[in-house]
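Enquirer: Before we start, here is the structure in question, set down as structure tokens.
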Amino acid sequence: MPVADCIRTAWWAILSIKDEVGVGVSVGEKKDITKVQELVYEMKVDQVMARDIITVSPDDLMSKLRELLRDKHISGVPVVRDKRLIGMVSIEDFIKCLAEGKMDSPVKDRMSYDVETLYDNEPLVRAVEEFNRLGYGRFPVISRGDGNLVGIITKGDIIRGLLKKMEIDYHEEEIHRYRASHFFEDIIADKTTLIFQYKVVGKDFNRAGETSSGLKKTLRRMGMSPKIIRRVAIATYEAEMNLVVFTDGGEITAQVTPSEIKIEVVDEGPGIPDIKKAMEPGFSTAPDWIRELGFGAGMGLSNIHKCADVMHLESTVGKGTRLEIAVHLNDKENRASEEDS
Amino acid sequence: MLLKKIVEELGLQVKVAGEGLTNQVTGAYVSDLLSDVMANSKEGELWITLQVHPNIIAVATLKELSGIILVNSRQPEEETLKKAEEEQIPIITTELPTFQLAGRLFNLIGEC
């Protein structure tokens, strides 16, 4: 298939994907979001646009366009003064000028001043809509920060950008899957469990967070999916902070099996008198000086609850607390909980 | 937008940067409660806060934030700077109060 046809086909695919989501409909409400749908909302114009732009000055003569249009195979050139876009001059303007035999007139007399633009930090979905609405072949891209011309974007750029990003993501995902699956496959046993143990020192705010950071890095090296890692990291961080703030220290154990990550947090601290109350978002028993540091917002346990598939908390006042959570690695459940996050 | 560009546009002071100045900033989150940031900030966002203790680096690392802006001329603790360098989390300071900084940042990067 010729390149132009490929681009046309891909473009219609993107348009139909965009329409499925529907403008104005929150993405979160849709259950099945394809990767492309996600990407056109996530990626910004400046991630796909061409930065290396050919421009002309308004005082250049139309005859200068002859070489530009021919050598660079382009059909329109932005007209720029002091990095600011002031208009566009197209191949049509050039042909008209040629027909009238006025090739020695300056660009500023022949260009169009009324130009539609896009901002560099707009999501791609906006660009897709604008291409569709106005039917233009290209949009100059303006920096939202300083108003200068920073690039130019075509439908081809969008398609190339999306394909490249998908390829990178797919490649990363492949590596992740390969490593994670092989890790367990290479071990010969009826049941495999990897155990990571961490000691948390109480009241040591300088080292607070080391356990959750360490576990996060470990899981990443194992090639776990980023969404899973994020949930485990948040839950472990909150549990770790509880140990630091309220106890003289404790132990955090992570057990990784092919089907789940189980985190066990045990301390011999003061215990929780009323677990139900402690679970309420905003309820906190932290002293003022701890709150001033930004801890003790009363959101810890509810954050843990949100991130975990299973949560079990038991506590005896004066004896200690034991928290068990599990995050399932089963694909289907992950996808369901990913959309909440 | 690149963090570097935001620093230039808003005239902020960089305390620790490393390679972080080329981080792509996807938005920002304003909060001084660590659990709130853990729960609600998103990867790639800049975090605007007045907390200066080392734990902010743990939070920023875990959430993969693009950097931390300390407001009201607040200076990071020694240990915070050390951890920031280790984890390559940019620390940036400004004399502006939270409201002014957030407002200017919003005008610059818009509703991400």
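Identifiers for the structure tokens are assigned positionally: chains receive A, B, ... in sequence, residues are indexed from 1 per chain, and ligands are indexed from 1 in the order shown.
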Based on DSSP run over this structure's backbone, return all residues of region 156-315 of chain A in strand (DSSP E or B), as a PyMOL selection string.
Expert: chain A and resi 194-201+249-256+260-267+310-315
Enquirer: Produce a table with one row for each residue of chain A that has an atom at most 7 Å from any atom of chain B, each row naming the nearest atom pair and its distance in Å at one decimal; use only C-alpha atoms; arrange rows by chain and rising residue number; format as a Markdown table.
Expert:
| residue | atom | partner | partner_atom | distance |
| --- | --- | --- | --- | --- |
| A:Asn121 | CA | B:Met1 | CA | 6.8 |
| A:Arg144 | CA | B:Leu108 | CA | 6.5 |
| A:Gly145 | CA | B:Leu108 | CA | 5.3 |
| A:Phe205 | CA | B:Asn55 | CA | 6.9 |
| A:Asn206 | CA | B:Pro54 | CA | 5.8 |
| A:Ala208 | CA | B:Asn55 | CA | 6.4 |
| A:Gly209 | CA | B:Ala58 | CA | 5.3 |
| A:Ser213 | CA | B:Leu62 | CA | 6.2 |
| A:Ala233 | CA | B:Leu62 | CA | 6.5 |
| A:Ile234 | CA | B:Met38 | CA | 6.3 |
| A:Leu293 | CA | B:Gln51 | CA | 6.5 |
| A:Gly294 | CA | B:Leu33 | CA | 4.3 |
| A:Phe295 | CA | B:Leu34 | CA | 5.9 |
| A:Ala297 | CA | B:Leu33 | CA | 6.3 |
| A:Met299 | CA | B:Ser35 | CA | 6.0 |
| A:Gly300 | CA | B:Ser35 | CA | 6.2 |
| A:Asn303 | CA | B:Ala39 | CA | 6.3 |
Enquirer: Generate the output file for the selected residues, N, CA and C atoms, as a JSON list (two decimals), in the first residue's frame.
Expert:
[["chain", "number", "residue", "atom", "x", "y", "z"],
["A", 121, "ASN", "N", 1.30, 22.10, 24.64],
["A", 121, "ASN", "CA", 0.94, 21.20, 25.74],
["A", 121, "ASN", "C", -0.50, 20.71, 25.67],
["A", 144, "ARG", "N", 2.92, 27.44, 24.84],
["A", 144, "ARG", "CA", 1.98, 28.08, 25.77],
["A", 144, "ARG", "C", 2.74, 29.04, 26.69],
["A", 145, "GLY", "N", 4.04, 28.70, 26.91],
["A", 145, "GLY", "CA", 4.84, 29.51, 27.82],
["A", 145, "GLY", "C", 5.15, 30.88, 27.26],
["A", 205, "PHE", "N", 12.75, 9.57, 61.45],
["A", 205, "PHE", "CA", 12.11, 10.15, 60.28],
["A", 205, "PHE", "C", 13.06, 10.29, 59.09],
["A", 206, "ASN", "N", 14.37, 10.28, 59.40],
["A", 206, "ASN", "CA", 15.33, 10.38, 58.30],
["A", 206, "ASN", "C", 15.34, 9.14, 57.42],
["A", 208, "ALA", "N", 12.73, 7.02, 57.29],
["A", 208, "ALA", "CA", 11.37, 6.62, 56.95],
["A", 208, "ALA", "C", 11.17, 6.64, 55.45],
["A", 209, "GLY", "N", 10.66, 5.58, 54.90],
["A", 209, "GLY", "CA", 10.44, 5.51, 53.46],
["A", 209, "GLY", "C", 11.44, 4.59, 52.77],
["A", 213, "SER", "N", 10.67, 2.24, 49.46],
["A", 213, "SER", "CA", 11.48, 2.51, 48.27],
["A", 213, "SER", "C", 12.26, 1.27, 47.85],
["A", 233, "ALA", "N", 3.61, -0.09, 46.52],
["A", 233, "ALA", "CA", 4.46, 0.95, 47.09],
["A", 233, "ALA", "C", 3.66, 1.88, 47.99],
["A", 234, "ILE", "N", 2.47, 2.28, 47.56],
["A", 234, "ILE", "CA", 1.65, 3.19, 48.37],
["A", 234, "ILE", "C", 1.26, 2.51, 49.69],
["A", 293, "LEU", "N", 4.57, 18.02, 60.39],
["A", 293, "LEU", "CA", 5.50, 17.49, 59.38],
["A", 293, "LEU", "C", 4.74, 16.93, 58.18],
["A", 294, "GLY", "N", 3.43, 16.93, 58.28],
["A", 294, "GLY", "CA", 2.65, 16.45, 57.15],
["A", 294, "GLY", "C", 2.25, 14.99, 57.27],
["A", 295, "PHE", "N", 2.65, 14.36, 58.39],
["A", 295, "PHE", "CA", 2.20, 12.98, 58.62],
["A", 295, "PHE", "C", 0.89, 13.04, 59.41],
["A", 297, "ALA", "N", -2.25, 12.42, 58.74],
["A", 297, "ALA", "CA", -3.44, 13.05, 58.16],
["A", 297, "ALA", "C", -4.68, 12.18, 58.36],
["A", 299, "MET", "N", -5.15, 9.37, 56.83],
["A", 299, "MET", "CA", -5.51, 8.74, 55.55],
["A", 299, "MET", "C", -4.74, 7.45, 55.29],
["A", 300, "GLY", "N", -3.83, 7.13, 56.19],
["A", 300, "GLY", "CA", -2.94, 5.99, 55.97],
["A", 300, "GLY", "C", -3.68, 4.68, 55.74],
["A", 303, "ASN", "N", -5.82, 4.66, 52.68],
["A", 303, "ASN", "CA", -4.99, 4.52, 51.47],
["A", 303, "ASN", "C", -4.59, 3.06, 51.25]]
Enquirer: Between B:Ala60, B:Ala17, B:Ala28, B:Leu12, single out the one closest to Thr94 (chain B), counting only C-alpha atoms.
Expert: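 Answer, going by the shortest atom-to-atom distance: B:Leu12.
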Enquirer: Run DSSP on the backbone and tell me which residues of region 21-116 of chain A come out as alpha helix (DSSP H); list them as number ranges by chain.
Expert: A: 21, 35-42, 45-48, 63-72, 91-100, 107-110
Enquirer: Save out the residues we just selected, C-alpha atoms, as a PDB file, in the first residue's frame.
Expert:
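New file out17.pdb:
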ATOM      1  CA  VAL A  21     -14.757   7.695  23.557  1.00  0.00           C
ATOM      2  CA  LYS A  35      -4.100   1.754  24.314  1.00  0.00           C
ATOM      3  CA  VAL A  36      -4.566   4.265  21.493  1.00  0.00           C
ATOM      4  CA  GLN A  37      -7.458   5.941  23.279  1.00  0.00           C
ATOM      5  CA  GLU A  38      -5.298   6.239  26.350  1.00  0.00           C
ATOM      6  CA  LEU A  39      -2.424   7.647  24.335  1.00  0.00           C
ATOM      7  CA  VAL A  40      -4.335  10.331  22.422  1.00  0.00           C
ATOM      8  CA  TYR A  41      -5.457  11.701  25.789  1.00  0.00           C
ATOM      9  CA  GLU A  42      -2.108  11.220  27.492  1.00  0.00           C
ATOM     10  CA  VAL A  45       1.328  17.844  20.858  1.00  0.00           C
ATOM     11  CA  ASP A  46       5.004  18.594  21.600  1.00  0.00           C
ATOM     12  CA  GLN A  47       5.771  14.885  21.925  1.00  0.00           C
ATOM     13  CA  VAL A  48       5.007  14.189  18.269  1.00  0.00           C
ATOM     14  CA  SER A  63      10.772  33.670  -5.399  1.00  0.00           C
ATOM     15  CA  LYS A  64      12.623  32.239  -2.391  1.00  0.00           C
ATOM     16  CA  LEU A  65       9.734  29.806  -1.892  1.00  0.00           C
ATOM     17  CA  ARG A  66      10.493  28.112  -5.205  1.00  0.00           C
ATOM     18  CA  GLU A  67      13.534  26.235  -3.839  1.00  0.00           C
ATOM     19  CA  LEU A  68      11.995  25.671  -0.418  1.00  0.00           C
ATOM     20  CA  LEU A  69       8.806  24.076  -1.700  1.00  0.00           C
ATOM     21  CA  ARG A  70      10.641  22.029  -4.304  1.00  0.00           C
ATOM     22  CA  ASP A  71      13.636  20.852  -2.265  1.00  0.00           C
ATOM     23  CA  LYS A  72      11.856  20.155   0.997  1.00  0.00           C
ATOM     24  CA  ILE A  91       1.822  26.344  -2.267  1.00  0.00           C
ATOM     25  CA  GLU A  92      -1.513  27.803  -3.480  1.00  0.00           C
ATOM     26  CA  ASP A  93      -0.316  31.317  -2.628  1.00  0.00           C
ATOM     27  CA  PHE A  94       2.858  30.544  -4.554  1.00  0.00           C
ATOM     28  CA  ILE A  95       1.051  29.253  -7.643  1.00  0.00           C
ATOM     29  CA  LYS A  96      -1.301  32.251  -7.698  1.00  0.00           C
ATOM     30  CA  CYS A  97       1.687  34.570  -7.450  1.00  0.00           C
ATOM     31  CA  LEU A  98       3.473  32.670 -10.197  1.00  0.00           C
ATOM     32  CA  ALA A  99       0.432  32.950 -12.475  1.00  0.00           C
ATOM     33  CA  GLU A 100       0.289  36.699 -11.891  1.00  0.00           C
ATOM     34  CA  VAL A 107       5.861  37.163   1.319  1.00  0.00           C
ATOM     35  CA  LYS A 108       3.955  39.546   3.603  1.00  0.00           C
ATOM     36  CA  ASP A 109       1.804  40.705   0.659  1.00  0.00           C
ATOM     37  CA  ARG A 110       0.772  37.187  -0.360  1.00  0.00           C
TER      38      ARG A 110
END
Enquirer: Would you mind listing what lies within 10 Å of Thr247 (chain A) as a PyMOL selection string, with only C-alpha atoms counted and same-chain residues fewer than 6 positions away left out?
Expert: chain A and resi 200-203+241+267-271+320-321
